[in-house]
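Trainee: The following block contains the structure, expressed as structure tokens.
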Amino acid sequence: MKVIEIKDLHKIYSSSDIKVHAVNGINLDFQEAEFAAIVGPSGSGKTTLLNMLGGLDMPTSGQILIDGTDLSTLRSSALIDFRMRNIGFVFQSYNLIPVLTAKENVEFIMSLQKWLKKDREERSFELLKAIGLADRYNSRPAKLSGGQQQRVAVARALASRPKFVLADEPTANLDSKSASTLLEIMEKLNHEEKITFIFSTHDPRVMKMAHRVITLEDGKMVSDDVRE
Amino acid sequence: MIIQVAWKNVWRNKTRSLIVISSVAVGVFAGVFAMAAINSSVVQRIDAAINEELSHIQVNNKEFRSSSDISDLIADFSSADSLVRSIPGVDATTGRIIIRGIASTSTKSAGVEINGIDVGKETEMFDLEKKVIAGTGTYFGADTKFNSVLIGEKLAKDLNIIRYILTTDAVARLDSMKIPSDVLAKLEPVYGERFTSDKKFNRELEKLLAPEEYKRYAILIKEAAWSYREGSKIILTFLDMDNNQTGAGFRVCGIFRTNNDMFEGLSVFVPAGELRTLTGIKEGSWHRLIARLDNTDLSDKITLQAREALPGYEVLNWKEIFPDLAMIADFMGQIYGVFMVIILAALAFGIVNTMLMAVLERTKELGMLAAIGMNRRKIFGMIMFESIFLSIIGGFAGMGIAEAVIEATQKNGINLMKYSEGMEAFGYSAHLFPTIDTGFFVTTTILIVMTGILASIYPARKALKLNPVEAIRTE
């Protein structure tokens with residue numbers, strides 16, 4: 001089942017007389033429960049594509065359909081609400097809320113979605129257990145290592161069962177051991193929760209674990225390698 | 001959750017938040033306490049005016065206030081009195097004979113307003129008996145063959161009835177008050193010397209003491225040296241009903257001390273009967289009908305009712321007799337407004353500044369919150385709650401401190417004796433007992449919350465303008 005459809009997507013950044021074609025005519029589909037990596041050198045358009053997929057940036061032309069909804073037709077407030085309900089985000093530098101505990105960070109989006117307290121607690125416990133941090137539920141981000149913080153960020157992204165998770169270079173700030181642990185957890189959750197994961201990366205370990213690797217160069221898709 | 005996050009955000013940078021909260025608290029405390037002190041001064045002045053000088057409502061012959069003619073009496077006092085007493089809210093009434101005259105001693109004289117009073121009723125309606133300085137008399141209590149008169153301390157000084165003598169007792173009292181021995185030694189040249197006026201004694205003290213010592217101890221020295229010979233006599237001269245000059249000697253039966261120099265210097269009180277004998281004013285005739293009400297707030301309403309009931313008379317309430325006092329009472333609202341605008345503006349700037357810094361520091365986090373789906377209303381609400389928390393904590397702390405200080409100073413008051421001469425010349429007490437009503441605290445709380453909300457708008461709008469993509473990239 002198609003979760004995302006990208007049709008002839010273009011993004012052009014203009015500054016005075018210079019135009020940069022950051023994404024240039026990309027057509028792509030993502031199916032449910034895919035574990036896909038978008039790779040390519042710096043400036044190839046990975047982050048721009050991811051931002052447009054997340055509704056954080058608008059294409060110059062083309063369409064992004066998520067479960068049939070064209071993102072460009074949504075008004076600002078509807079788009080924010082759509083993001084909250086359908087998309088999970090994992091950022092390169094974790095970006096947890098520093099004043100909340102691990103459990104509260106995981107519960108944050110669920111509370112924005114007005115989940116019942118009991119359901120929130122059940123779900124956050126389930127996810128914290130899945131990422132191996134059930135015993136650290138009451139720790140604030142400052143008391144967690146980088147790898148642990150990124151695991152909490154993954155749990156937060158999955159908490160409200162979005163249609164897909166976008167991860168922008170999730171292992172870029174992690175040591176190899178933490179990166180491996182994180183990838184294993186992401187793959188396990190992808191499998192268990194049947195949620196699509198799309199991540200941009202330079203990291204060969206991530207590429208190696210991805211089930212599908214999409215390569216971009218100068219804003220164009222140069223390969224789409226699906227592995228069995 | 002938003003409120004919970006906002007609360008936790010307030011304590012993210014404890015030092016900064018505590019500095020803002022402290023500055024808000026100090027500002028609110030200073031404003032509330034200053035307001036309480038100013039308010040007390042006005043409240044005390046109004047209380048004194050009502051309880052010592054005027055009462056609530058006065059009824060006069062229409063001509064009396066402008067003519068001051070002894071023959072301008074209330075035509076039918078008994079009926080007027082019954083009508084006024086029948087108005088609900090009127091607690092008590094009395095009459096006064098009021099004659100302009102001259103009070104004199106062998107050395108001095110002064111113009112006075114002689115009030116012929118019904119002593120029993122006046123005691124019920126006014127507090128003047130309580131204002132009689134200990135040792136100066138018994139407030140018409142002594143059974144004496146002589147006419148008796150109650151006078152103010154200012155008049156007593158003006159007539160040289162009060163003197164200053166540093167007797168052995170006075171020096172011993174000063175010594176027990178821990179006045180330094182070198183200061184007492186400097187006063188030795190005037191031990192036992194009699195000073196017939198305030199001015200002369202002051203001048204001598206200024207000569208003998210260093211400026212700092214004078215500033216510190218003059219009031220205490222004067223208080224100890226204050227001397228009065230009980231039973232002093234003054235002569236009151238005035239016109240009788242036939243416009244012939246008459247007068248008599250009156251034995252001072254007490255000297256009252258109020259905070260109003262003008263009242264003390266001008267008003268003397270004698271039993272009405274003595275004045276009737278001397279002037280020929282008939283029994284039951286009075287110049288003024290005075291009414292005391294159950295509640296000062298009823299003054300305007302009952303004045304109107306009395307005016308309707310007594311169309312041939314001049315009916316005035318305390319606000320109309322002392323319009324300056326009424327104006328100051330009304331003006332208190334405006335003073336309060338100005339005070340609060342200044343305090344709240346300072347509070348608002350402090351909060352805007354702090355919250356702008358907070359937004360700037362948390363750009364990345366706010367970008368992340370917007371990205372993951374926290375809508376504009378919630379981001380705005382979070383920043384707003386942070387501002388409100390800062391304002392409320394500071395505001396409540398300030399009001400709490402103010403309440404505690406007001407409570408503490410209410411017992412002994414704030415002594416501004418240094419400025420007593422100036423303040424008492426205008427009828428204001430130099431001993432303030434700060435007071436403020438509960439309504440003031442409620443209004444202040446509402447205003448603080450509103451200021452917190454208003455102060456949050458600018459930083460919150462800044463937060464809303466952040467582009468999530470750019471904000472997340474911020475380092």
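Residue numbering restarts at 1 for every chain of the structure tokens, chains are lettered A, B, ... in their displayed order, and ligands are numbered from 1 as they appear.
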Select from chain B every residue with an atom at most 6 Å from any atom of chain A, then for each give the shortest pair of atoms and their distance in Å to one decimal, using only C-alpha atoms, rows by chain and rising number, as CSV.
Mentor:
```
residue,atom,partner,partner_atom,distance
B:Lys8,CA,A:Val99,CA,6.0
B:Ile372,CA,A:Met84,CA,5.7
B:Gly373,CA,A:Met84,CA,4.1
```
Trainee: Write the residues you've just listed into a file as a PDB file, in the first residue's frame, and include C-alpha atoms for each of them.
Mentor:
```pdb
ATOM      1  CA  LYS B   8       9.307  23.899  33.817  1.00  0.00           C
ATOM      2  CA  ILE B 372       6.552  17.949  15.188  1.00  0.00           C
ATOM      3  CA  GLY B 373       3.123  19.527  15.138  1.00  0.00           C
TER       4      GLY B 373
END
```
Trainee: Any idea what's packed within 9 Å of B:Thr363, counting only C-alpha atoms, ignoring anything in its chain fewer than 6 positions away? Could you give it as a ChimeraX atom specification?
Mentor: /B:463,466,468,471-472,474-475
Trainee: Pick out the residues sitting within 12 Å of B:Thr296, and hand them over as an MDAnalysis selection string; count only C-alpha atoms, and ignore anything fewer than 5 positions along from it in its own chain.
Mentor: chainID B and resid 43 46:47 49:51 55:57 89:91 291 301:303 317:319
Trainee: As a PyMOL selection string, list the residues of stretch 83-150 of chain A assigned to alpha helix (DSSP H) by DSSP on the backbone atoms of this structure.
Mentor: chain A and resi 83-86+102-112+117-130+146-150
Trainee: Would you mind reading off the distance between atom CA of A:Gln63 and atom CA of A:Thr215, one decimal, in Å?
Mentor: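 So the two atoms, atom CA of A:Gln63 and atom CA of A:Thr215, lie 19.8 Å apart.
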Trainee: To one decimal place, how far is atom CA of B:Ile102 from atom CA of B:Asp76 in Å?
Mentor: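 So the two atoms, atom CA of B:Ile102 and atom CA of B:Asp76, lie 28.8 Å apart.
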Trainee: Residues near stretch 133-138 of chain A, anyone? I mean within 6 Å using only C-alpha atoms, not counting same-chain ones fewer than 5 positions away, as a compact mmCIF listing (two decimals) with C-alpha atoms, in the first residue's frame.
Mentor:
```txt
# COMPACT_ATOMS: atom_id res chain seq x y z
CA THR A 101 11.95 13.53 31.28
CA ALA A 102 12.41 10.73 28.72
CA LYS A 103 8.88 9.50 29.42
CA LEU A 128 10.85 2.99 26.25
```
Trainee: With only C-alpha atoms as the counted atoms, please give the residues lying no more than 9 Å from A:Leu183, apart from itself and same-chain residues fewer than 6 positions off, as a PyMOL selection string.
Mentor: chain A and resi 171+205-206+209
Trainee: Go ahead and compute the interatomic distance for atom CA of B:Ile117 and atom CA of B:Ile70, in Å to one decimal.
Mentor: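 Atom CA of B:Ile117 sits 15.1 Å away from atom CA of B:Ile70.
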